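Here is the file run_5.pdb (PDB, C-alpha atoms and all ligand atoms).
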```
MODEL        1
ATOM      1  CA  MET A 110      12.177  13.301  -8.909
ATOM      2  CA  LYS A 111      12.249   9.972  -7.060
ATOM      3  CA  ILE A 112       9.184   8.252  -5.609
ATOM      4  CA  LEU A 113       9.254   5.606  -2.886
ATOM      5  CA  TYR A 114       6.100   3.528  -3.061
ATOM      6  CA  PHE A 115       4.476   0.324  -1.921
ATOM      7  CA  THR A 116       1.481  -1.321  -3.575
ATOM      8  CA  GLY A 117      -0.588  -4.482  -3.276
ATOM      9  CA  THR A 118      -3.366  -3.820  -5.777
ATOM     10  CA  GLY A 119      -2.037  -0.916  -7.815
ATOM     11  CA  ASN A 120      -3.701   2.160  -6.270
ATOM     12  CA  CYS A 121      -0.416   3.596  -4.993
ATOM     13  CA  LEU A 122       1.419   2.640  -8.162
ATOM     14  CA  SER A 123      -1.279   4.319 -10.287
ATOM     15  CA  VAL A 124      -0.681   7.522  -8.304
ATOM     16  CA  ALA A 125       3.106   7.190  -8.581
ATOM     17  CA  LYS A 126       2.781   6.756 -12.354
ATOM     18  CA  ARG A 127       1.207  10.192 -12.635
ATOM     19  CA  PHE A 128       4.531  11.870 -11.834
ATOM     20  CA  ASP A 129       7.568  12.226 -14.052
ATOM     21  CA  ALA A 130       9.770  10.352 -11.609
ATOM     22  CA  GLU A 131      12.042   7.392 -11.029
ATOM     23  CA  ARG A 132       9.931   4.911  -9.087
ATOM     24  CA  LEU A 133      11.565   3.062  -6.207
ATOM     25  CA  SER A 134       9.694   0.116  -4.736
ATOM     26  CA  VAL A 135      10.136  -0.052  -0.964
ATOM     27  CA  PRO A 136      10.336  -3.889  -0.802
ATOM     28  CA  GLN A 137      13.177  -3.735  -3.342
ATOM     29  CA  MET A 138      14.910  -0.877  -1.508
ATOM     30  CA  ILE A 139      14.869  -3.029   1.637
ATOM     31  CA  LYS A 140      16.130  -6.068  -0.249
ATOM     32  CA  ASN A 141      18.948  -4.078  -1.872
ATOM     33  CA  ASN A 142      19.818  -2.348   1.368
ATOM     34  CA  ILE A 143      19.378   1.173  -0.060
ATOM     35  CA  TYR A 144      18.675   3.588   2.749
ATOM     36  CA  GLN A 145      19.880   6.921   1.313
ATOM     37  CA  ILE A 146      17.555   8.701  -1.124
ATOM     38  CA  GLU A 147      18.637  11.968  -2.675
ATOM     39  CA  ASP A 148      17.062  14.169  -5.370
ATOM     40  CA  ASP A 149      15.590  17.633  -5.857
ATOM     41  CA  VAL A 150      12.118  16.170  -5.134
ATOM     42  CA  VAL A 151      11.343  12.933  -3.289
ATOM     43  CA  GLY A 152       7.838  11.457  -2.877
ATOM     44  CA  ILE A 153       6.469   8.769  -0.573
ATOM     45  CA  ILE A 154       3.265   7.029  -1.667
ATOM     46  CA  TYR A 155       1.772   4.361   0.582
ATOM     47  CA  PRO A 156      -1.555   2.643   1.371
ATOM     48  CA  VAL A 157      -3.190   3.253   4.757
ATOM     49  CA  TYR A 158      -3.183   0.009   6.764
ATOM     50  CA  ALA A 159      -4.865  -0.360  10.163
ATOM     51  CA  ILE A 160      -5.660   3.400  10.188
ATOM     52  CA  SER A 161      -1.924   3.958  10.147
ATOM     53  CA  ILE A 162       1.144   2.927   8.095
ATOM     54  CA  PRO A 163       2.091  -0.542   6.741
ATOM     55  CA  ASP A 164       4.881  -2.183   8.756
ATOM     56  CA  ILE A 165       7.060  -2.481   5.645
ATOM     57  CA  ILE A 166       6.951   1.316   5.233
ATOM     58  CA  ARG A 167       7.586   1.860   8.945
ATOM     59  CA  GLU A 168      10.565  -0.479   8.804
ATOM     60  CA  TYR A 169      12.024   1.296   5.789
ATOM     61  CA  LEU A 170      11.455   4.907   6.833
ATOM     62  CA  SER A 171      12.760   4.314  10.329
ATOM     63  CA  LYS A 172      16.171   3.761   8.709
ATOM     64  CA  CYS A 173      16.077   5.746   5.455
ATOM     65  CA  LYS A 174      17.685   9.197   5.157
ATOM     66  CA  ILE A 175      16.028  11.468   2.615
ATOM     67  CA  LYS A 176      17.902  14.448   1.203
ATOM     68  CA  ALA A 177      15.737  16.670  -1.013
ATOM     69  CA  ASN A 178      14.593  20.250  -1.493
ATOM     70  CA  TYR A 179      10.966  19.174  -1.507
ATOM     71  CA  VAL A 180       9.459  16.022   0.001
ATOM     72  CA  PHE A 181       5.821  15.024  -0.507
ATOM     73  CA  VAL A 182       3.690  12.309   1.047
ATOM     74  CA  ILE A 183       0.516  10.816  -0.440
ATOM     75  CA  ALA A 184      -1.491   8.131   1.372
ATOM     76  CA  THR A 185      -4.130   6.193  -0.543
ATOM     77  CA  TYR A 186      -7.010   4.700   1.408
ATOM     78  CA  GLY A 187     -10.469   3.212   0.965
ATOM     79  CA  PHE A 188     -12.538   4.136   4.006
ATOM     80  CA  THR A 189     -10.752   6.382   6.507
ATOM     81  CA  ASP A 190      -7.173   7.659   6.596
ATOM     82  CA  CYS A 191      -7.802   8.751  10.204
ATOM     83  CA  GLY A 192      -4.490  10.042  11.643
ATOM     84  CA  SER A 193      -2.242   8.111   9.259
ATOM     85  CA  LEU A 194      -0.560  11.244   7.860
ATOM     86  CA  HIS A 195       0.177  12.425  11.390
ATOM     87  CA  GLU A 196       1.736   9.039  12.157
ATOM     88  CA  MET A 197       3.799   9.455   8.981
ATOM     89  CA  LYS A 198       4.970  12.901  10.070
ATOM     90  CA  LYS A 199       6.073  11.462  13.439
ATOM     91  CA  LEU A 200       7.828   8.559  11.696
ATOM     92  CA  LEU A 201       9.735  10.860   9.335
ATOM     93  CA  GLU A 202      10.730  13.322  12.040
ATOM     94  CA  ALA A 203      11.846  10.578  14.435
ATOM     95  CA  ASN A 204      14.507   9.689  11.870
ATOM     96  CA  GLY A 205      15.554  13.269  11.064
ATOM     97  CA  ASN A 206      13.477  13.537   7.863
ATOM     98  CA  LYS A 207      10.675  15.960   7.094
ATOM     99  CA  ALA A 208       8.041  16.458   4.409
ATOM    100  CA  ASP A 209       6.728  19.681   2.864
ATOM    101  CA  TYR A 210       3.446  18.294   1.578
ATOM    102  CA  TYR A 211       1.001  15.760   3.023
ATOM    103  CA  ASN A 212      -2.193  14.616   1.355
ATOM    104  CA  SER A 213      -4.380  11.542   1.028
ATOM    105  CA  LEU A 214      -6.562  10.125  -1.717
ATOM    106  CA  LEU A 215      -9.750   8.107  -1.244
ATOM    107  CA  MET A 216      -9.671   5.141  -3.650
ATOM    108  CA  VAL A 217     -11.020   1.566  -3.714
ATOM    109  CA  ASP A 218     -10.742  -0.297  -0.394
ATOM    110  CA  ASN A 219      -9.064  -3.635  -1.084
ATOM    111  CA  TYR A 220      -9.360  -5.077   2.434
ATOM    112  CA  LEU A 221     -11.528  -8.108   1.692
ATOM    113  CA  PRO A 222     -12.373  -9.065   5.305
ATOM    114  CA  PHE A 223     -14.237  -5.738   5.676
ATOM    115  CA  PHE A 224     -15.187  -4.623   2.154
ATOM    116  CA  ASP A 225     -16.991  -6.001  -0.872
ATOM    117  CA  ILE A 226     -15.314  -5.048  -4.146
ATOM    118  CA  GLU A 227     -18.599  -4.810  -6.117
ATOM    119  CA  THR A 228     -19.869  -2.203  -3.647
ATOM    120  CA  GLN A 229     -16.510  -0.429  -3.733
ATOM    121  CA  LEU A 230     -16.580  -0.233  -7.532
ATOM    122  CA  ALA A 231     -20.147   1.077  -7.468
ATOM    123  CA  LYS A 232     -18.874   3.988  -5.353
ATOM    124  CA  LEU A 233     -16.079   4.917  -7.757
ATOM    125  CA  LYS A 234     -17.923   7.873  -9.288
ATOM    126  CA  GLU A 235     -18.756   9.536  -5.984
ATOM    127  CA  LYS A 236     -15.122   9.193  -4.861
ATOM    128  CA  ASN A 237     -14.131  11.583  -7.662
ATOM    129  CA  ILE A 238     -10.657  10.023  -7.773
ATOM    130  CA  GLU A 239      -9.471  11.502 -11.055
ATOM    131  CA  ASN A 240     -10.240  15.119 -10.127
ATOM    132  CA  ASN A 241      -8.806  14.757  -6.631
ATOM    133  CA  LEU A 242      -5.657  13.154  -8.026
ATOM    134  CA  ASN A 243      -5.245  15.845 -10.686
ATOM    135  CA  LYS A 244      -5.331  18.473  -7.948
ATOM    136  CA  ILE A 245      -2.705  16.638  -5.886
ATOM    137  CA  VAL A 246      -0.424  16.225  -8.918
ATOM    138  CA  GLU A 247      -0.745  19.949  -9.740
ATOM    139  CA  GLU A 248       0.033  20.963  -6.153
ATOM    140  CA  VAL A 249       3.074  18.705  -5.926
ATOM    141  CA  ASN A 250       4.435  19.808  -9.298
ATOM    142  CA  ALA A 251       4.046  23.423  -8.126
ATOM    143  CA  LYS A 252       5.879  22.461  -4.892
ATOM    144  CA  ILE A 253       3.026  23.742  -2.737
ATOM    145  CA  LYS A 254       3.528  23.304   1.007
ATOM    146  CA  LYS A 255       0.767  21.559   2.951
ATOM    147  CA  ASP A 256       0.935  20.164   6.461
ATOM    148  CA  GLU A 257      -1.055  17.142   7.608
ATOM    149  CA  ASN A 258      -4.272  18.222   9.241
ATOM    150  CA  CYS A 259      -5.696  15.067  10.757
ATOM    151  CA  GLY A 260      -6.966  16.628  13.986
ATOM    152  CA  TRP A 261      -6.291  15.575  17.589
ATOM    153  CA  PHE A 262      -9.060  12.944  17.700
ATOM    154  CA  ASN A 263      -7.816  11.140  14.592
ATOM    155  CA  ASN A 264      -4.224  11.410  15.786
ATOM    156  CA  LEU A 265      -5.178   9.765  19.055
ATOM    157  CA  ALA A 266      -7.317   7.146  17.286
ATOM    158  CA  SER A 267      -4.452   6.185  14.976
ATOM    159  CA  SER A 268      -1.741   6.056  17.605
ATOM    160  CA  ILE A 269      -3.877   3.925  19.965
ATOM    161  CA  GLY A 270      -6.204   2.266  17.430
ATOM    162  CA  TYR A 271      -3.328   1.064  15.266
ATOM    163  CA  ARG A 272      -2.306  -1.506  17.843
ATOM    164  CA  VAL A 273      -5.877  -2.741  18.273
ATOM    165  CA  VAL A 274      -6.706  -2.950  14.539
ATOM    166  CA  LYS A 275      -3.291  -4.513  13.892
ATOM    167  CA  GLN A 276      -4.126  -7.302  16.360
ATOM    168  CA  ILE A 277      -7.291  -8.048  14.368
ATOM    169  CA  GLU A 278      -5.479  -7.881  11.017
ATOM    170  CA  LYS A 279      -2.679 -10.129  12.285
ATOM    171  CA  HIS A 280      -5.112 -13.042  12.118
ATOM    172  CA  THR A 281      -6.026 -12.439   8.460
ATOM    173  CA  PRO A 282      -3.210 -14.558   6.950
ATOM    174  CA  LYS A 283      -4.269 -17.501   9.143
ATOM    175  CA  MET A 284      -7.566 -17.405   7.223
ATOM    176  CA  PHE A 285      -5.979 -17.834   3.775
ATOM    177  CA  TYR A 286      -6.611 -21.059   1.870
ATOM    178  CA  VAL A 287      -6.089 -22.149  -1.733
ATOM    179  CA  ASN A 288      -8.830 -23.956  -3.648
ATOM    180  CA  ASP A 289      -8.591 -26.414  -6.554
ATOM    181  CA  LYS A 290      -8.651 -23.696  -9.206
ATOM    182  CA  CYS A 291      -4.912 -23.187  -8.563
ATOM    183  CA  ILE A 292      -2.831 -23.996 -11.640
ATOM    184  CA  SER A 293       0.553 -23.660  -9.867
ATOM    185  CA  CYS A 294       1.541 -20.678 -12.027
ATOM    186  CA  GLY A 295       3.723 -19.157  -9.300
ATOM    187  CA  ILE A 296       2.402 -15.604  -9.722
ATOM    188  CA  CYS A 297       1.461 -15.325  -6.041
ATOM    189  CA  LYS A 298       5.028 -16.249  -5.077
ATOM    190  CA  LYS A 299       6.500 -13.629  -7.433
ATOM    191  CA  ILE A 300       4.115 -10.870  -6.369
ATOM    192  CA  CYS A 301       4.665 -11.276  -2.630
ATOM    193  CA  PRO A 302       6.709  -8.321  -1.309
ATOM    194  CA  LYS A 303       7.836 -10.305   1.732
ATOM    195  CA  SER A 304       8.908 -13.613   0.136
ATOM    196  CA  ASN A 305       6.269 -15.219   2.302
ATOM    197  CA  ILE A 306       4.999 -17.712  -0.269
ATOM    198  CA  THR A 307       6.490 -21.068  -1.195
ATOM    199  CA  GLN A 308       5.309 -22.701  -4.409
ATOM    200  CA  GLU A 309       7.114 -25.555  -6.123
ATOM    201  CA  TYR A 310       6.395 -27.219  -9.479
ATOM    202  CA  LYS A 311       2.799 -28.554  -9.494
ATOM    203  CA  ASP A 312       2.023 -27.775  -5.857
ATOM    204  CA  LYS A 313      -0.342 -25.206  -4.445
ATOM    205  CA  PRO A 314       1.331 -22.284  -2.649
ATOM    206  CA  THR A 315       1.876 -22.322   1.088
ATOM    207  CA  PHE A 316       2.133 -19.232   3.286
ATOM    208  CA  GLY A 317       4.772 -18.496   5.908
ATOM    209  CA  LYS A 318       4.513 -16.259   8.956
ATOM    210  CA  ASN A 319       6.162 -13.162   7.480
ATOM    211  CA  CYS A 320       2.993 -11.660   5.966
ATOM    212  CA  GLU A 321       2.253  -7.947   5.473
ATOM    213  CA  SER A 322      -1.456  -8.754   4.827
ATOM    214  CA  CYS A 323      -1.173  -6.672   1.661
ATOM    215  CA  LEU A 324      -3.482  -9.096  -0.201
ATOM    216  CA  ALA A 325      -1.418  -8.752  -3.388
ATOM    217  CA  CYS A 326      -1.363 -12.553  -3.796
ATOM    218  CA  ILE A 327      -5.119 -12.830  -3.331
ATOM    219  CA  HIS A 328      -6.256  -9.975  -5.557
ATOM    220  CA  ASN A 329      -3.787 -10.796  -8.331
ATOM    221  CA  CYS A 330      -4.145 -14.586  -8.591
ATOM    222  CA  PRO A 331      -5.293 -15.119 -12.198
ATOM    223  CA  GLN A 332      -7.452 -18.060 -11.112
ATOM    224  CA  ASN A 333      -8.953 -16.372  -8.044
ATOM    225  CA  ALA A 334      -7.792 -19.492  -6.209
ATOM    226  CA  ILE A 335      -6.722 -17.861  -2.935
ATOM    227  CA  GLN A 336      -9.574 -17.212  -0.526
ATOM    228  CA  ILE A 337      -9.922 -15.707   2.936
ATOM    229  CA  LYS A 338     -12.367 -17.515   5.210
ATOM    230  CA  THR A 339     -13.761 -14.194   6.435
ATOM    231  CA  GLN A 340     -13.837 -12.366   3.095
ATOM    232  CA  ARG A 341     -16.783 -10.097   2.262
ATOM    233  CA  SER A 342     -16.161 -10.363  -1.459
ATOM    234  CA  ALA A 343     -15.544 -13.133  -3.969
ATOM    235  CA  LYS A 344     -14.619 -10.468  -6.514
ATOM    236  CA  ARG A 345     -11.021  -9.250  -6.661
ATOM    237  CA  PHE A 346      -9.537  -5.856  -7.479
ATOM    238  CA  ARG A 347      -6.599  -4.406  -9.357
ATOM    239  CA  ASN A 348      -6.396  -0.711 -10.239
ATOM    240  CA  GLU A 349      -7.429  -0.285 -13.883
ATOM    241  CA  ASN A 350      -4.342   1.792 -14.727
ATOM    242  CA  VAL A 351      -1.900  -0.853 -13.521
ATOM    243  CA  SER A 352      -1.076  -4.241 -15.037
ATOM    244  CA  LEU A 353      -0.383  -7.513 -13.271
ATOM    245  CA  ASN A 354       3.164  -7.362 -14.584
ATOM    246  CA  GLU A 355       3.747  -3.902 -13.120
ATOM    247  CA  ILE A 356       2.782  -5.140  -9.658
ATOM    248  CA  ILE A 357       5.009  -8.194 -10.042
ATOM    249  CA  GLU A 358       7.882  -5.926 -11.138
ATOM    250  CA  SER A 359       7.226  -3.697  -8.108
ATOM    251  CA  ASN A 360       7.125  -6.470  -5.534
ATOM    252  CA  LYS A 361       9.390  -9.302  -6.675
ATOM    253  CA  ILE A 362      12.372  -9.636  -4.422
ATOM    254  CA  ASP A 363      13.717 -13.127  -5.119
TER
HETATM  255  C1  LIG B 401      -4.107  -4.824   5.578
HETATM  256  C2  LIG B 401      -4.902  -3.667   5.050
HETATM  257  C3  LIG B 401      -5.380  -2.704   5.937
HETATM  258  C4  LIG B 401      -6.098  -1.604   5.461
HETATM  259  N1  LIG B 401      -6.507  -0.663   6.359
HETATM  260  C5  LIG B 401      -7.173   0.428   5.905
HETATM  261  C6  LIG B 401      -7.593   1.445   6.823
HETATM  262  O1  LIG B 401      -7.346   1.408   8.027
HETATM  263  N2  LIG B 401      -8.291   2.495   6.324
HETATM  264  C7  LIG B 401      -8.598   2.592   4.984
HETATM  265  O2  LIG B 401      -9.264   3.564   4.606
HETATM  266  N3  LIG B 401      -8.191   1.674   4.091
HETATM  267  C8  LIG B 401      -7.483   0.589   4.523
HETATM  268  N4  LIG B 401      -7.057  -0.357   3.622
HETATM  269  C9  LIG B 401      -7.331  -0.157   2.177
HETATM  270  C10 LIG B 401      -6.118   0.394   1.431
HETATM  271  O3  LIG B 401      -5.501   1.446   2.149
HETATM  272  C11 LIG B 401      -6.507   0.937   0.046
HETATM  273  O4  LIG B 401      -7.268   0.028  -0.665
HETATM  274  C12 LIG B 401      -5.254   1.327  -0.716
HETATM  275  O5  LIG B 401      -5.590   2.266  -1.728
HETATM  276  C13 LIG B 401      -4.562   0.135  -1.360
HETATM  277  O6  LIG B 401      -3.433   0.558  -2.087
HETATM  278  P1  LIG B 401      -2.689  -0.408  -3.120
HETATM  279  O7  LIG B 401      -3.721  -0.751  -4.195
HETATM  280  O8  LIG B 401      -1.578   0.412  -3.680
HETATM  281  O9  LIG B 401      -2.237  -1.603  -2.373
HETATM  282  C14 LIG B 401      -6.357  -1.470   4.076
HETATM  283  C15 LIG B 401      -5.896  -2.449   3.190
HETATM  284  C16 LIG B 401      -5.188  -3.541   3.667
HETATM  285  C17 LIG B 401      -4.696  -4.584   2.689
HETATM  286  S1  LIG B 402      -1.276 -17.291  -8.372
HETATM  287 FE1  LIG B 402      -3.105 -18.503  -7.997
HETATM  288  S2  LIG B 402      -3.083 -20.083  -9.572
HETATM  289 FE2  LIG B 402      -1.027 -19.232  -9.499
HETATM  290  S3  LIG B 402       0.095 -20.559  -8.023
HETATM  291 FE3  LIG B 402      -0.740 -18.850  -6.852
HETATM  292  S4  LIG B 402      -2.712 -19.606  -6.081
HETATM  293 FE4  LIG B 402      -2.105 -20.951  -7.752
HETATM  294  S1  LIG B 403       1.512 -13.669   1.532
HETATM  295 FE1  LIG B 403       0.097 -12.457   0.264
HETATM  296  S2  LIG B 403      -0.809 -11.020   1.734
HETATM  297 FE2  LIG B 403       1.035 -11.840   2.711
HETATM  298  S3  LIG B 403       2.685 -10.394   2.202
HETATM  299 FE3  LIG B 403       2.701 -11.986   0.623
HETATM  300  S4  LIG B 403       1.424 -11.186  -1.017
HETATM  301 FE4  LIG B 403       0.977  -9.972   0.801
ENDMDL
END
```
Could I get this file's structure written as structure tokens?
Amino acid sequence: MKILYFTGTGNCLSVAKRFDAERLSVPQMIKNNIYQIEDDVVGIIYPVYAISIPDIIREYLSKCKIKANYVFVIATYGFTDCGSLHEMKKLLEANGNKADYYNSLLMVDNYLPFFDIETQLAKLKEKNIENNLNKIVEEVNAKIKKDENCGWFNNLASSIGYRVVKQIEKHTPKMFYVNDKCISCGICKKICPKSNITQEYKDKPTFGKNCESCLACIHNCPQNAIQIKTQRSAKRFRNENVSLNEIIESNKID
């Protein structure tokens, strides 16, 4: 089994780790120019962004050819997955790929401009993540078939709404600033899946224009030195089953 995944704060990686599989980080697949994936089973695990699919995943899957007997897709999200799985089905089919199983998992929402992490963590129990994930893992290991079932309203909302929400999210990186707690450790630079951060010697990091808005740099800064002007939460999040090093290893492309 091979799993293609992308993660900013570890939710998707924590799901990927539940399978006995070779894990393939999408940023690294793009960097290494690997666009052919072949195995008996191939999985795609991604976070819902802008009620749709992150651009980095779109970019990759619009070129990647997947050859497998069973393909599964799992989206993780924090508030609503809307028609994201339907968008994924369209994306796969547009490039001659198809999946046998689609499902999504409600987890912690890491989007700081809209959500407060304390409140998110308080809701962990009611989200029933462990049980829902166990069920997904069982179904995938049994090679159950399951189509996406987002419904016409959600499909429409995602295909139209994506562009609107994306316009709002596009401004998020312009709101980033670094405070004096920064110790110039360079972790934000290493963890950025788009090589969008410059950080030299004793300087604070600076951000370029090639941002995925994944918030990996912000949530994983050990000093909590990166802020967003519009953030709802001073508290940061990383999935409890994933280490800082694992996210760095997933995302580093330099
Ligand atoms: C830029 C951005 C946009 C997001 N948009 C949505 C969304 O539309 N709906 C939703 O339910 N969650 C949204 N989220 C939350 C993530 O999908 C969720 O926290 C996900 O599990 C994060 O996975 P990761 O920890 O592997 O990065 C968004 C997060 C980010 C960073
Ligand atoms: S991770 Fe945080 S402390 Fe380290 S260089 Fe980046 S902003 Fe500074
Ligand atoms: S600058 Fe930060 S938010 Fe933007 S892509 Fe890099 S890690 Fe993600």
**OP:** On this file, the PyMOL selection byres (((not hetatm)) within 6 of (chain B and resi 402)) gives some set of residues; write that set as a PyMOL selection string.
**Re:** chain A and resi 291-297+313-314+330-332+334-335
Selected residues written out, C-alpha atoms, as a CSV table (one decimal), in the frame of the given file:
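out_1.csv, written as the output of this step:
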```
chain,number,residue,atom,x,y,z
A,291,CYS,CA,-4.9,-23.2,-8.6
A,292,ILE,CA,-2.8,-24.0,-11.6
A,293,SER,CA,0.6,-23.7,-9.9
A,294,CYS,CA,1.5,-20.7,-12.0
A,295,GLY,CA,3.7,-19.2,-9.3
A,296,ILE,CA,2.4,-15.6,-9.7
A,297,CYS,CA,1.5,-15.3,-6.0
A,313,LYS,CA,-0.3,-25.2,-4.4
A,314,PRO,CA,1.3,-22.3,-2.6
A,330,CYS,CA,-4.1,-14.6,-8.6
A,331,PRO,CA,-5.3,-15.1,-12.2
A,332,GLN,CA,-7.5,-18.1,-11.1
A,334,ALA,CA,-7.8,-19.5,-6.2
A,335,ILE,CA,-6.7,-17.9,-2.9
```
If the limit is 9 Å from any atom of ligand LIG 401 (chain B), counting only C-alpha atoms and all ligand atoms, which residues qualify? Return them as a PDB file with C-alpha atoms, in the coordinates of the input.
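The file below, result_0.pdb, is the result:
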```
ATOM      1  CA  TYR A 114       6.100   3.528  -3.061  1.00  0.00           C
ATOM      2  CA  PHE A 115       4.476   0.324  -1.921  1.00  0.00           C
ATOM      3  CA  THR A 116       1.481  -1.321  -3.575  1.00  0.00           C
ATOM      4  CA  GLY A 117      -0.588  -4.482  -3.276  1.00  0.00           C
ATOM      5  CA  THR A 118      -3.366  -3.820  -5.777  1.00  0.00           C
ATOM      6  CA  GLY A 119      -2.037  -0.916  -7.815  1.00  0.00           C
ATOM      7  CA  ASN A 120      -3.701   2.160  -6.270  1.00  0.00           C
ATOM      8  CA  CYS A 121      -0.416   3.596  -4.993  1.00  0.00           C
ATOM      9  CA  LEU A 122       1.419   2.640  -8.162  1.00  0.00           C
ATOM     10  CA  SER A 123      -1.279   4.319 -10.287  1.00  0.00           C
ATOM     11  CA  VAL A 124      -0.681   7.522  -8.304  1.00  0.00           C
ATOM     12  CA  ILE A 154       3.265   7.029  -1.667  1.00  0.00           C
ATOM     13  CA  TYR A 155       1.772   4.361   0.582  1.00  0.00           C
ATOM     14  CA  PRO A 156      -1.555   2.643   1.371  1.00  0.00           C
ATOM     15  CA  VAL A 157      -3.190   3.253   4.757  1.00  0.00           C
ATOM     16  CA  TYR A 158      -3.183   0.009   6.764  1.00  0.00           C
ATOM     17  CA  ALA A 159      -4.865  -0.360  10.163  1.00  0.00           C
ATOM     18  CA  ILE A 160      -5.660   3.400  10.188  1.00  0.00           C
ATOM     19  CA  SER A 161      -1.924   3.958  10.147  1.00  0.00           C
ATOM     20  CA  ILE A 162       1.144   2.927   8.095  1.00  0.00           C
ATOM     21  CA  PRO A 163       2.091  -0.542   6.741  1.00  0.00           C
ATOM     22  CA  ALA A 184      -1.491   8.131   1.372  1.00  0.00           C
ATOM     23  CA  THR A 185      -4.130   6.193  -0.543  1.00  0.00           C
ATOM     24  CA  TYR A 186      -7.010   4.700   1.408  1.00  0.00           C
ATOM     25  CA  GLY A 187     -10.469   3.212   0.965  1.00  0.00           C
ATOM     26  CA  PHE A 188     -12.538   4.136   4.006  1.00  0.00           C
ATOM     27  CA  THR A 189     -10.752   6.382   6.507  1.00  0.00           C
ATOM     28  CA  ASP A 190      -7.173   7.659   6.596  1.00  0.00           C
ATOM     29  CA  CYS A 191      -7.802   8.751  10.204  1.00  0.00           C
ATOM     30  CA  SER A 193      -2.242   8.111   9.259  1.00  0.00           C
ATOM     31  CA  LEU A 214      -6.562  10.125  -1.717  1.00  0.00           C
ATOM     32  CA  LEU A 215      -9.750   8.107  -1.244  1.00  0.00           C
ATOM     33  CA  MET A 216      -9.671   5.141  -3.650  1.00  0.00           C
ATOM     34  CA  VAL A 217     -11.020   1.566  -3.714  1.00  0.00           C
ATOM     35  CA  ASP A 218     -10.742  -0.297  -0.394  1.00  0.00           C
ATOM     36  CA  ASN A 219      -9.064  -3.635  -1.084  1.00  0.00           C
ATOM     37  CA  TYR A 220      -9.360  -5.077   2.434  1.00  0.00           C
ATOM     38  CA  LEU A 221     -11.528  -8.108   1.692  1.00  0.00           C
ATOM     39  CA  SER A 267      -4.452   6.185  14.976  1.00  0.00           C
ATOM     40  CA  TYR A 271      -3.328   1.064  15.266  1.00  0.00           C
ATOM     41  CA  VAL A 274      -6.706  -2.950  14.539  1.00  0.00           C
ATOM     42  CA  LYS A 275      -3.291  -4.513  13.892  1.00  0.00           C
ATOM     43  CA  GLU A 278      -5.479  -7.881  11.017  1.00  0.00           C
ATOM     44  CA  LYS A 279      -2.679 -10.129  12.285  1.00  0.00           C
ATOM     45  CA  THR A 281      -6.026 -12.439   8.460  1.00  0.00           C
ATOM     46  CA  GLU A 321       2.253  -7.947   5.473  1.00  0.00           C
ATOM     47  CA  SER A 322      -1.456  -8.754   4.827  1.00  0.00           C
ATOM     48  CA  CYS A 323      -1.173  -6.672   1.661  1.00  0.00           C
ATOM     49  CA  LEU A 324      -3.482  -9.096  -0.201  1.00  0.00           C
ATOM     50  CA  ALA A 325      -1.418  -8.752  -3.388  1.00  0.00           C
ATOM     51  CA  PHE A 346      -9.537  -5.856  -7.479  1.00  0.00           C
ATOM     52  CA  ARG A 347      -6.599  -4.406  -9.357  1.00  0.00           C
ATOM     53  CA  ASN A 348      -6.396  -0.711 -10.239  1.00  0.00           C
TER      54      ASN A 348
END
```
**OP:** Figure out the distance between atom CA of Leu353 of chain A and atom CA of Asn288 of chain A, please, to one decimal in Å.
**Re:**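 According to the coordinates, atom CA of Asn288 of chain A and atom CA of Leu353 of chain A are separated by 20.8 Å.
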Subject >> Result set of the PyMOL selection byres (((chain A and resi 179) around 8) and not hetatm) on the coordinates above, as a list in words >> reply: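 For this structure, the PyMOL selection byres (((chain A and resi 179) around 8) and not hetatm) captures Asp149, Val150, Val151, Ala177, Asn178, Val180, Phe181, Ala208, Asp209 and Lys252 of chain A.
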Keeping only C-alpha atoms, write the selected residues to a file as a PDB file, keeping the file's coordinate frame.
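Written out: part_29.pdb:
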```pdb
ATOM      1  CA  ASP A 149      15.590  17.633  -5.857  1.00  0.00           C
ATOM      2  CA  VAL A 150      12.118  16.170  -5.134  1.00  0.00           C
ATOM      3  CA  VAL A 151      11.343  12.933  -3.289  1.00  0.00           C
ATOM      4  CA  ALA A 177      15.737  16.670  -1.013  1.00  0.00           C
ATOM      5  CA  ASN A 178      14.593  20.250  -1.493  1.00  0.00           C
ATOM      6  CA  VAL A 180       9.459  16.022   0.001  1.00  0.00           C
ATOM      7  CA  PHE A 181       5.821  15.024  -0.507  1.00  0.00           C
ATOM      8  CA  ALA A 208       8.041  16.458   4.409  1.00  0.00           C
ATOM      9  CA  ASP A 209       6.728  19.681   2.864  1.00  0.00           C
ATOM     10  CA  LYS A 252       5.879  22.461  -4.892  1.00  0.00           C
TER      11      LYS A 252
END
```
**OP:** Measuring atom to atom with only C-alpha atoms, identify which of A:Lys244, A:His328, A:Lys344, A:Lys111 is nearest to Lys126 of chain A.
**Re:**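 Counting only C-alpha atoms, the residue closest to Lys126 of chain A is A:Lys111.
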Centre, edges in Å (one decimal): axis-aligned box, ligand LIG 403 (chain B), 4 Å padding on all six sides, as JSON:
```
{"center_x": 0.9, "center_y": -11.8, "center_z": 0.8, "size_x": 11.5, "size_y": 11.7, "size_z": 11.7}
```
Subject >> Explicit residue set for the PyMOL selection byres (((chain A and resi 358) around 12) and not hetatm), as a PyMOL selection string >> reply: chain A and resi 115-117+119+122+132-137+296+299-302+351-357+359-363
